[in-house]
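Chemist: Next up, input_8.txt (compact mmCIF, C-alpha atoms).
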```txt
# COMPACT_ATOMS: atom_id res chain seq x y z
CA MET S 898 192.96 100.60 58.92
CA HIS S 899 189.44 99.29 58.32
CA LYS S 900 189.84 99.97 54.60
CA ALA S 901 193.10 97.96 54.50
CA ILE S 902 191.44 95.05 56.31
CA ALA S 903 188.50 95.18 53.89
CA THR S 904 190.92 95.19 50.93
CA LEU S 905 192.80 92.19 52.30
CA LYS S 906 189.53 90.34 52.89
CA ALA S 907 188.40 91.07 49.31
CA LEU S 908 191.76 89.85 47.98
CA LYS S 909 191.50 86.69 50.08
CA ASP S 910 188.04 86.05 48.62
CA ARG S 911 189.23 86.67 45.06
CA LEU S 912 192.18 84.30 45.45
CA GLY S 913 189.91 81.59 46.84
CA LEU S 914 191.73 81.32 50.16
CA VAL S 915 188.35 81.60 51.87
CA LEU S 916 187.58 78.12 50.51
CA LEU S 917 190.10 76.68 52.97
CA THR S 918 188.08 77.99 55.92
CA ARG S 919 184.55 77.98 54.49
CA GLU S 920 184.57 74.57 52.80
CA LEU S 921 185.90 72.08 55.37
CA PRO S 922 185.82 69.02 53.05
CA PHE S 923 187.83 70.95 50.44
CA SER S 924 190.36 72.03 53.06
CA TYR S 925 190.90 68.36 54.03
CA PHE S 926 191.28 67.49 50.36
CA PHE S 927 193.67 70.42 49.76
CA ILE S 928 195.96 69.51 52.67
CA SER S 929 195.83 65.84 51.64
CA ARG S 930 196.89 66.67 48.07
CA THR S 931 199.64 68.96 49.39
CA LEU S 932 201.15 66.26 51.61
CA SER S 933 200.75 63.68 48.86
CA ARG S 934 202.57 65.87 46.35
CA ILE S 935 205.47 66.49 48.71
CA GLY S 936 205.76 62.74 49.31
CA GLU S 937 205.56 62.05 45.57
CA ASN S 938 208.44 64.43 44.91
CA VAL S 939 210.50 62.87 47.68
CA PHE S 940 209.92 59.46 46.07
CA SER S 941 210.64 60.67 42.52
CA ILE S 942 213.99 62.16 43.57
CA ALA S 943 215.09 59.42 45.98
CA VAL S 944 214.52 56.44 43.67
CA PRO S 945 216.67 57.56 40.69
CA TRP S 946 219.42 58.71 43.04
CA LEU S 947 219.41 55.34 44.80
CA VAL S 948 219.28 53.38 41.52
CA PHE S 949 222.38 55.21 40.32
CA GLN S 950 224.12 54.67 43.68
CA LEU S 951 223.42 50.93 43.53
CA THR S 952 224.31 50.39 39.86
CA GLY S 953 226.41 53.31 38.63
CA SER S 954 224.64 52.79 35.29
CA THR S 955 222.91 55.54 33.32
CA LEU S 956 221.07 52.81 31.39
CA GLN S 957 219.53 51.54 34.62
CA LEU S 958 218.73 55.11 35.56
CA GLY S 959 216.89 55.61 32.28
CA LEU S 960 214.95 52.40 32.87
CA ALA S 961 213.83 53.68 36.26
CA PHE S 962 212.40 56.81 34.61
CA ALA S 963 210.74 54.81 31.81
CA LEU S 964 209.00 52.53 34.31
CA GLN S 965 207.26 55.57 35.76
CA VAL S 966 205.39 56.17 32.49
CA VAL S 967 204.38 52.86 30.92
CA PRO S 968 202.13 51.36 33.67
CA SER S 969 200.19 54.60 34.13
CA LEU S 970 199.50 54.77 30.38
CA LEU S 971 198.22 51.20 30.24
CA LEU S 972 196.00 51.57 33.30
CA ALA S 973 194.57 55.06 32.69
CA PRO S 974 191.46 53.79 30.80
CA PHE S 975 190.68 51.31 33.58
CA ALA S 976 191.23 54.02 36.19
CA GLY S 977 188.79 56.33 34.40
CA VAL S 978 186.11 53.64 34.18
CA TYR S 979 186.56 52.60 37.82
CA VAL S 980 186.48 56.17 39.13
CA ASP S 981 183.22 56.83 37.26
CA ALA S 982 181.63 53.59 38.42
CA ALA S 983 182.74 53.35 42.03
CA SER S 984 184.09 55.43 44.90
CA ARG S 985 186.52 58.20 44.08
CA LYS S 986 187.36 58.42 47.75
CA ARG S 987 188.20 54.69 47.88
CA ALA S 988 190.39 55.01 44.78
CA MET S 989 192.40 57.79 46.44
CA LEU S 990 192.57 56.03 49.81
CA VAL S 991 193.80 52.73 48.34
CA SER S 992 196.32 54.55 46.14
CA GLU S 993 197.72 56.55 49.05
CA GLY S 994 197.76 53.47 51.29
CA CYS S 995 199.71 51.47 48.71
CA ARG S 996 202.20 54.31 48.32
CA ALA S 997 202.72 54.48 52.09
CA LEU S 998 203.32 50.72 52.27
CA LEU S 999 205.82 51.00 49.42
CA GLY S 1000 207.72 53.64 51.36
CA LEU S 1001 207.77 51.43 54.46
CA ALA S 1002 208.89 48.39 52.44
CA VAL S 1003 211.83 50.25 50.90
CA THR S 1004 212.68 51.67 54.34
CA GLY S 1005 212.76 48.18 55.88
CA LEU S 1006 214.85 46.69 53.08
CA SER S 1007 217.30 49.58 53.29
CA LEU S 1008 217.68 49.31 57.07
CA LEU S 1009 218.26 45.56 56.75
CA GLY S 1010 220.87 46.10 54.06
CA SER S 1011 218.88 43.92 51.65
CA LEU S 1012 217.75 46.57 49.19
CA GLN S 1013 218.46 45.67 45.54
CA VAL S 1014 217.78 47.57 42.36
CA TRP S 1015 214.94 45.27 41.28
CA HIS S 1016 213.12 46.16 44.50
CA LEU S 1017 213.24 49.78 43.41
CA TYR S 1018 211.97 48.90 39.93
CA LEU S 1019 208.98 47.14 41.48
CA ALA S 1020 208.36 50.15 43.70
CA VAL S 1021 208.46 52.48 40.68
CA VAL S 1022 205.95 50.33 38.77
CA ALA S 1023 203.60 50.14 41.76
CA HIS S 1024 203.92 53.88 42.33
CA ALA S 1025 203.08 54.53 38.66
CA VAL S 1026 200.01 52.29 38.92
CA THR S 1027 198.68 54.32 41.85
CA ALA S 1028 199.35 57.56 39.93
CA SER S 1029 196.69 56.64 37.34
CA PHE S 1030 193.96 56.18 39.94
CA LEU S 1031 195.03 59.01 42.22
CA THR S 1032 195.30 61.67 39.51
CA VAL S 1033 192.05 60.75 37.79
CA ALA S 1034 190.07 60.42 41.03
CA ALA S 1035 191.38 63.71 42.44
CA GLY S 1036 190.43 65.64 39.30
CA ALA S 1037 186.94 64.13 39.24
CA ALA S 1038 186.33 64.72 42.97
CA ILE S 1039 186.73 68.52 43.11
CA PRO S 1040 183.23 69.44 41.74
CA ALA S 1041 181.68 67.55 44.69
CA LEU S 1042 183.71 69.57 47.20
CA VAL S 1043 183.05 73.17 46.10
CA ASP S 1044 180.31 75.14 44.36
CA GLN S 1045 180.42 75.55 40.57
CA VAL S 1046 181.30 79.22 40.90
CA ASP S 1047 184.39 78.33 42.95
CA LEU S 1048 185.82 75.64 40.65
CA THR S 1049 188.49 77.81 39.04
CA ARG S 1050 189.66 79.18 42.39
CA ALA S 1051 189.76 75.65 43.82
CA ASN S 1052 191.79 74.37 40.86
CA ALA S 1053 194.11 77.38 41.08
CA LEU S 1054 194.74 76.63 44.77
CA ILE S 1055 195.45 72.97 44.01
CA ARG S 1056 197.86 73.93 41.21
CA LEU S 1057 199.54 76.54 43.43
CA SER S 1058 200.08 73.87 46.07
CA ARG S 1059 201.38 71.47 43.42
CA ASN S 1060 203.92 73.98 42.08
CA LEU S 1061 205.19 74.94 45.53
CA CYS S 1062 205.39 71.27 46.57
CA ASP S 1063 207.39 70.43 43.44
CA ILE S 1064 210.04 72.81 44.73
CA LEU S 1065 209.74 71.93 48.43
CA GLY S 1066 209.58 68.17 47.87
CA LYS S 1067 212.68 68.06 45.67
CA VAL S 1068 214.68 70.22 48.10
CA MET S 1069 213.41 68.14 51.02
CA ALA S 1070 214.42 64.89 49.27
CA GLY S 1071 217.93 66.16 48.63
CA LEU S 1072 218.40 67.27 52.23
CA LEU S 1073 217.01 64.02 53.66
CA LEU S 1074 219.23 61.91 51.42
CA ALA S 1075 222.28 63.97 52.39
CA TRP S 1076 221.59 64.15 56.13
CA LEU S 1077 219.70 60.96 57.02
CA GLY S 1078 220.26 58.55 54.14
CA PRO S 1079 217.80 56.69 51.89
CA ALA S 1080 216.07 54.62 54.60
CA TYR S 1081 214.76 57.62 56.51
CA THR S 1082 214.02 59.48 53.29
CA PHE S 1083 211.56 56.74 52.31
CA LEU S 1084 210.23 56.68 55.88
CA ALA S 1085 209.42 60.39 55.52
CA ASN S 1086 207.71 59.59 52.21
CA ALA S 1087 205.59 56.92 53.93
CA ALA S 1088 204.65 59.26 56.79
CA LEU S 1089 203.54 62.01 54.43
CA THR S 1090 201.44 59.59 52.40
CA PHE S 1091 199.79 58.04 55.48
CA ALA S 1092 198.88 61.54 56.66
CA SER S 1093 197.44 62.32 53.22
CA ALA S 1094 195.28 59.18 53.36
CA ALA S 1095 194.04 60.01 56.88
CA LEU S 1096 192.79 63.41 55.73
CA LEU S 1097 190.66 61.77 53.04
CA LEU S 1098 188.67 59.71 55.56
CA PRO S 1099 186.13 62.44 56.51
CA LEU S 1100 185.20 63.17 52.87
CA ARG S 1101 181.67 62.25 51.75
CA GLY S 1102 179.65 62.40 48.55
CA ILE S 1103 182.44 62.10 45.98
CA ASP S 1104 181.49 58.74 44.47
CA GLY S 1105 181.11 58.10 40.78
CA GLY S 1106 177.90 56.17 40.21
CA SER S 1107 177.98 56.26 36.41
CA PRO S 1108 174.82 54.86 34.73
CA VAL S 1109 177.00 53.75 31.82
CA VAL S 1110 179.29 51.51 33.86
CA ARG S 1111 178.11 49.07 36.50
CA GLY S 1112 180.14 46.51 38.36
CA TRP S 1113 183.22 44.60 37.23
CA ARG S 1114 182.83 43.67 33.59
CA PRO S 1115 185.45 42.75 30.98
CA LYS S 1116 184.52 45.76 28.82
CA VAL S 1117 186.84 48.42 30.15
CA LEU S 1118 187.88 49.79 26.75
CA GLN S 1119 184.28 49.83 25.55
CA ASP S 1120 183.16 51.76 28.63
CA PHE S 1121 186.14 54.09 28.35
CA VAL S 1122 185.32 54.85 24.70
CA SER S 1123 181.66 55.44 25.57
CA GLY S 1124 182.72 58.03 28.15
CA VAL S 1125 185.03 59.76 25.67
CA GLY S 1126 182.14 59.71 23.19
CA ILE S 1127 180.09 61.75 25.65
CA LEU S 1128 183.04 64.12 26.00
CA ARG S 1129 182.97 64.75 22.24
CA ARG S 1130 179.48 66.24 22.53
CA HIS S 1131 180.81 69.06 24.72
CA SER S 1132 182.81 71.34 22.43
CA ALA S 1133 184.05 73.58 25.27
CA ALA S 1134 185.66 70.59 26.99
CA VAL S 1135 187.17 69.26 23.74
CA LEU S 1136 188.70 72.65 22.87
CA ALA S 1137 190.08 73.07 26.39
CA MET S 1138 191.76 69.66 26.20
CA ALA S 1139 193.11 70.53 22.75
CA ASP S 1140 194.70 73.68 24.20
CA LEU S 1141 196.35 71.61 26.90
CA VAL S 1142 197.68 69.09 24.38
CA VAL S 1143 199.19 71.95 22.33
CA ILE S 1144 200.89 73.29 25.46
CA ASN S 1145 202.23 69.84 26.27
CA VAL S 1146 203.82 69.59 22.85
CA GLY S 1147 205.71 72.79 23.64
CA ILE S 1148 206.87 71.88 27.15
CA PRO S 1149 209.12 68.94 26.14
CA VAL S 1150 210.40 71.02 23.21
CA LEU S 1151 211.53 73.63 25.73
CA ALA S 1152 212.97 70.94 28.01
CA ILE S 1153 215.27 69.86 25.16
CA ALA S 1154 216.01 73.36 23.87
CA LEU S 1155 216.79 75.19 27.13
CA PRO S 1156 220.15 73.53 27.91
CA VAL S 1157 221.26 74.23 24.34
CA ILE S 1158 220.10 77.86 24.51
CA SER S 1159 221.92 78.44 27.79
CA GLU S 1160 225.13 76.81 26.60
CA GLU S 1161 225.37 77.84 22.93
CA VAL S 1162 223.32 81.05 22.63
CA LEU S 1163 223.39 82.78 26.02
CA ARG S 1164 226.82 81.37 27.05
CA GLN S 1165 225.58 80.93 30.62
CA GLY S 1166 226.13 77.18 31.07
CA ALA S 1167 224.44 75.18 33.81
CA ALA S 1168 223.75 78.26 35.95
CA GLY S 1169 221.76 79.88 33.16
CA TYR S 1170 219.86 76.65 32.53
CA GLY S 1171 218.87 76.50 36.18
CA LEU S 1172 217.73 80.12 36.14
CA LEU S 1173 215.63 79.62 33.00
CA THR S 1174 213.83 76.57 34.39
CA GLY S 1175 213.36 78.36 37.71
CA ALA S 1176 211.81 81.34 35.91
CA MET S 1177 209.28 79.02 34.29
CA ALA S 1178 208.37 77.59 37.71
CA LEU S 1179 207.96 81.13 39.08
CA GLY S 1180 205.64 82.01 36.21
CA ALA S 1181 203.51 78.95 36.97
CA ILE S 1182 203.12 80.04 40.59
CA VAL S 1183 202.09 83.57 39.55
CA ALA S 1184 199.58 82.09 37.07
CA THR S 1185 197.63 80.32 39.81
CA LEU S 1186 197.10 83.66 41.54
CA ILE S 1187 196.10 85.40 38.31
CA ALA S 1188 193.64 82.63 37.38
CA ALA S 1189 191.85 83.07 40.69
CA LEU S 1190 191.74 86.87 40.33
CA LEU S 1191 190.30 86.67 36.80
CA VAL S 1192 187.32 84.50 37.79
CA GLY S 1193 184.16 86.00 36.31
CA ARG S 1194 186.02 88.69 34.36
CA MET S 1195 186.14 86.84 31.00
CA ASP S 1196 185.06 83.57 29.45
CA GLU S 1197 187.53 80.88 30.61
CA GLY S 1198 187.52 79.14 27.24
CA ARG S 1199 188.66 82.29 25.48
CA LEU S 1200 191.22 82.99 28.20
CA SER S 1201 192.61 79.49 27.66
CA GLY S 1202 192.74 80.03 23.91
CA LEU S 1203 194.45 83.42 24.24
CA ALA S 1204 196.97 81.98 26.70
CA THR S 1205 197.78 79.17 24.23
CA VAL S 1206 198.34 81.68 21.39
CA LEU S 1207 200.57 83.77 23.67
CA PHE S 1208 202.49 80.64 24.69
CA GLY S 1209 203.33 79.97 21.03
CA LEU S 1210 204.41 83.58 20.46
CA LEU S 1211 206.67 83.42 23.50
CA VAL S 1212 208.29 80.21 22.22
CA VAL S 1213 208.96 82.05 18.93
CA SER S 1214 210.44 85.01 20.84
CA LEU S 1215 212.79 82.65 22.67
CA GLY S 1216 214.36 81.86 19.30
CA PHE S 1217 215.47 85.51 19.01
CA VAL S 1218 216.74 85.92 22.59
CA ARG S 1219 220.41 86.79 22.97
CA ALA S 1220 220.54 88.03 26.59
CA LEU S 1221 219.80 86.14 29.79
CA GLU S 1222 217.42 88.79 31.18
CA TRP S 1223 215.16 88.54 28.13
CA GLY S 1224 215.30 84.77 28.32
CA LEU S 1225 214.21 84.89 31.96
CA LEU S 1226 211.30 87.19 31.09
CA ALA S 1227 210.18 84.93 28.23
CA MET S 1228 210.41 81.79 30.36
CA THR S 1229 208.47 83.42 33.22
CA LEU S 1230 205.66 84.32 30.83
CA ILE S 1231 205.81 80.87 29.21
CA GLY S 1232 205.36 79.25 32.62
CA LEU S 1233 202.51 81.65 33.35
CA THR S 1234 200.57 80.97 30.14
CA ALA S 1235 201.07 77.20 30.31
CA GLU S 1236 199.78 77.07 33.89
CA LEU S 1237 196.76 79.25 33.08
CA VAL S 1238 195.75 76.73 30.41
CA SER S 1239 196.13 73.86 32.91
CA VAL S 1240 193.93 75.57 35.50
CA TYR S 1241 191.25 76.58 33.01
CA THR S 1242 191.15 73.15 31.37
CA SER S 1243 190.42 71.43 34.69
CA SER S 1244 187.72 73.97 35.54
CA ILE S 1245 186.05 73.73 32.11
CA LEU S 1246 185.98 69.91 32.22
CA GLN S 1247 184.55 69.90 35.75
CA ARG S 1248 181.97 72.57 34.93
CA THR S 1249 180.71 71.35 31.56
CA LEU S 1250 180.84 67.55 31.76
CA PRO S 1251 178.39 65.29 33.61
CA SER S 1252 179.83 63.96 36.86
CA ASP S 1253 179.51 60.35 35.71
CA VAL S 1254 182.01 60.80 32.86
CA LEU S 1255 184.54 63.04 34.62
CA GLY S 1256 186.77 60.11 35.54
CA ARG S 1257 187.05 58.97 31.95
CA ALA S 1258 187.60 62.53 30.74
CA PHE S 1259 190.49 63.03 33.15
CA ALA S 1260 191.82 59.58 32.22
CA ALA S 1261 191.82 60.58 28.55
CA GLN S 1262 193.65 63.79 29.45
CA PHE S 1263 196.09 61.87 31.67
CA THR S 1264 196.90 59.49 28.80
CA ALA S 1265 197.32 62.23 26.21
CA LEU S 1266 199.60 64.25 28.45
CA ARG S 1267 201.97 61.30 28.76
CA ILE S 1268 201.91 60.03 25.19
CA VAL S 1269 202.39 63.44 23.56
CA PRO S 1270 205.57 64.40 25.49
CA ALA S 1271 207.01 60.91 24.90
CA VAL S 1272 206.54 61.27 21.14
CA VAL S 1273 208.01 64.79 21.20
CA PHE S 1274 211.04 63.68 23.21
CA LEU S 1275 211.72 60.91 20.70
CA SER S 1276 211.56 63.18 17.66
CA ALA S 1277 212.52 66.68 18.81
CA GLY S 1278 216.18 65.89 19.50
CA SER S 1279 216.91 64.88 15.91
CA VAL S 1280 214.97 67.87 14.52
CA LEU S 1281 216.90 70.24 16.77
CA GLN S 1282 220.18 68.64 15.71
CA THR S 1283 219.30 69.13 12.05
CA PHE S 1284 217.98 72.70 12.05
CA GLY S 1285 219.57 74.31 15.13
CA VAL S 1286 217.91 75.51 18.29
CA GLN S 1287 216.79 78.95 17.08
CA THR S 1288 215.10 77.71 13.90
CA PHE S 1289 213.66 74.86 15.93
CA LEU S 1290 211.99 77.28 18.37
CA ILE S 1291 210.83 79.79 15.76
CA VAL S 1292 209.23 77.19 13.49
CA GLY S 1293 207.81 75.13 16.37
CA GLY S 1294 206.40 78.22 18.07
CA SER S 1295 204.86 79.46 14.81
CA ILE S 1296 203.09 76.13 14.29
CA THR S 1297 201.82 76.34 17.88
CA VAL S 1298 200.45 79.84 17.25
CA LEU S 1299 198.62 78.72 14.09
CA ILE S 1300 197.00 75.73 15.82
CA ALA S 1301 196.09 77.80 18.89
CA ALA S 1302 194.61 80.55 16.72
CA LEU S 1303 192.49 77.97 14.89
CA LEU S 1304 191.18 76.61 18.20
CA LEU S 1305 190.39 80.15 19.36
CA GLN S 1306 188.56 80.84 16.10
CA LEU S 1307 186.46 77.71 16.60
CA ARG S 1308 185.48 79.03 20.04
CA VAL S 1309 184.50 82.42 18.68
CA ARG S 1310 182.47 80.86 15.86
CA GLY S 1311 180.73 78.51 18.29
CA ALA S 1312 179.84 81.41 20.59
CA ARG S 1313 178.37 83.38 17.64
CA GLU S 1314 176.25 80.44 16.52
CA LYS S 1315 175.04 79.91 20.08
CA ASN S 1316 173.97 83.56 20.38
CA ARG S 1317 171.94 83.49 17.16
```
Show this structure as structure tokens.

Modeler:
Amino acid sequence: MHKAIATLKALKDRLGLVLLTRELPFSYFFISRTLSRIGENVFSIAVPWLVFQLTGSTLQLGLAFALQVVPSLLLAPFAGVYVDAASRKRAMLVSEGCRALLGLAVTGLSLLGSLQVWHLYLAVVAHAVTASFLTVAAGAAIPALVDQVDLTRANALIRLSRNLCDILGKVMAGLLLAWLGPAYTFLANAALTFASAALLLPLRGIDGGSPVVRGWRPKVLQDFVSGVGILRRHSAAVLAMADLVVINVGIPVLAIALPVISEEVLRQGAAGYGLLTGAMALGAIVATLIAALLVGRMDEGRLSGLATVLFGLLVVSLGFVRALEWGLLAMTLIGLTAELVSVYTSSILQRTLPSDVLGRAFAAQFTALRIVPAVVFLSAGSVLQTFGVQTFLIVGGSITVLIAALLLQLRVRGAREKNR
């Protein structure tokens, strides 16, 4: 009995769950991010559904999705500069407060019967603006909440929460819309976001205070570039971000290819498509547990590089799949490797970069991870149409493997030169 308890305690420590009881500020932050993510998913499901209900237009629906991307891209450099110069806590509080007020505004308009589609477009734009500040500030704040040795476990816990909330929030939004209607769905979104903001109030010591940026000056791009310039001097951080960019070329490729695979190759239709995407989500959840268990066992940079190589090989293997069970296995492992790279990239950035440039580093990552999928979405469809889904996956996966192997080789060479 005592041995079993000791084993469970050791497992709890390895997974980082002890952080939620030992580090009170991190536990507040963790619960805040969890509630915020659920509310974000409720919002992201409710708005498109309501836009389509009000207009019946797929064009308007597409516009609603597009408006979620553009403002965050334009504001990411400013968000990075502000987060490095000022209070990361204030950036998160204001962002969450604005989101809660948006939820209340849409609730009120819906209850009054005055809600129009342009109101929803404004809400989407405002929500996207807050996403820039909230994402960048949250990523930069974690090193101030836990010890350096616990960064990977902390990031794994945050990513685990994010993945579970992506499922819970979407299901919750669907049920609320069906049972209570849009007004009370947005009210639930506002309540979750207010609660998230309240949990941030006790946090201390997570300000930026960059010596590079001071005050409000009309040199945002200059200050942003100076921060990215500092990032370039840290090869481990640059290689980690490169791994993540490679992964985020592959994810939209899979998003386009999976429906075609399920319909034309596996002959499973919509049910198979749902199972394949669900398998990827399951793999991502498992990855957060594995990342925590592997802390200290191997260099995180090399683990990230190996995971990126394996991701490419798995994409190639998907081009040869003919049975659903093998497709599910491949997609589970793809989700696992992609999530490992995400966890390790955050930890490497937080561990290797000075605190006063973390905001700009995460802003650069935030921008890249939105531009790259957009470019892929625009081009991948025509390539797939020309060459077919299997050739598309085999060639695309092979290119991914070559790039990932090159990045891994650069790591190995850098480690050898450092040891000389």

Chemist: Would you pick out the contacts of range 918-926 of chain S at 8 Å or less, using all atoms listed in the file, so that residues sharing its chain but fewer than 2 positions from it are not included, and give the list as a ChimeraX atom specification?

Modeler: /S:914-916,928-930,1039,1042-1043,1096-1097,1099-1100

Chemist: Quick one: distance from CA of Val1213 in chain S to CA of Gly1232 in chain S in Å, one decimal?

Modeler: 14.4 Å

Chemist: Using all atoms listed in the file, pick whichever of S:Leu1307, S:Arg1056, S:Pro1079, S:Thr952 has the shortest atom-to-atom distance to Ser1243 in chain S.

Modeler: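 Of S:Leu1307, S:Arg1056, S:Pro1079, S:Thr952, the one nearest Ser1243 in chain S, counting all atoms listed in the file, is S:Arg1056.
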
Chemist: Within 8 Å of Leu958 in chain S, counting only C-alpha atoms, which residues qualify if same-chain residues fewer than 5 places away don't, as a list of chain:residue names?

Modeler: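 The residues that qualify are S:Pro945, S:Val948, S:Phe949.
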
Chemist: Which neighbours of range 1025-1028 of chain S fall inside 7 Å, counting only C-alpha atoms, when residues of the same chain fewer than 6 positions from it are skipped, and could you give them as a PyMOL selection string?

Modeler: chain S and resi 965-966+968-969+972+992

Chemist: One decimal, Å: what's the distance from CA of Phe1263 in chain S over to CA of Gly1147 in chain S, could you say?

Modeler: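 Spanning CA of Phe1263 in chain S to CA of Gly1147 in chain S is a straight-line distance of 16.6 Å.
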
Chemist: In Å to one decimal, how far is CA of Ala1220 in chain S from CA of Ile1148 in chain S?

Modeler: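 Calculated distance between CA of Ile1148 in chain S and CA of Ala1220 in chain S is 21.2 Å.
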
Chemist: Please provide the set of residues having any atom within 12 Å of Ala961 in chain S, restricted to only C-alpha atoms, with same-chain residues fewer than 4 positions apart removed, written as a ChimeraX atom specification.

Modeler: /S:941-949,952,954-957,965-967,1014-1022,1024-1025

Chemist: For a quick check of understanding, using only C-alpha atoms, which of S:Leu998, S:Met1195, S:Trp1076, S:Ala1034 has the smallest distance to Ala983 in chain S?

Modeler: S:Ala1034

Chemist: Kindly indicate which residue among S:Leu1255, S:Ala1154, S:Ala1227, S:Leu1179 lies nearest to Val1286 in chain S, using all atoms listed in the file for the distances.

Modeler: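 Counting all atoms listed in the file, the residue closest to Val1286 in chain S is S:Ala1154.
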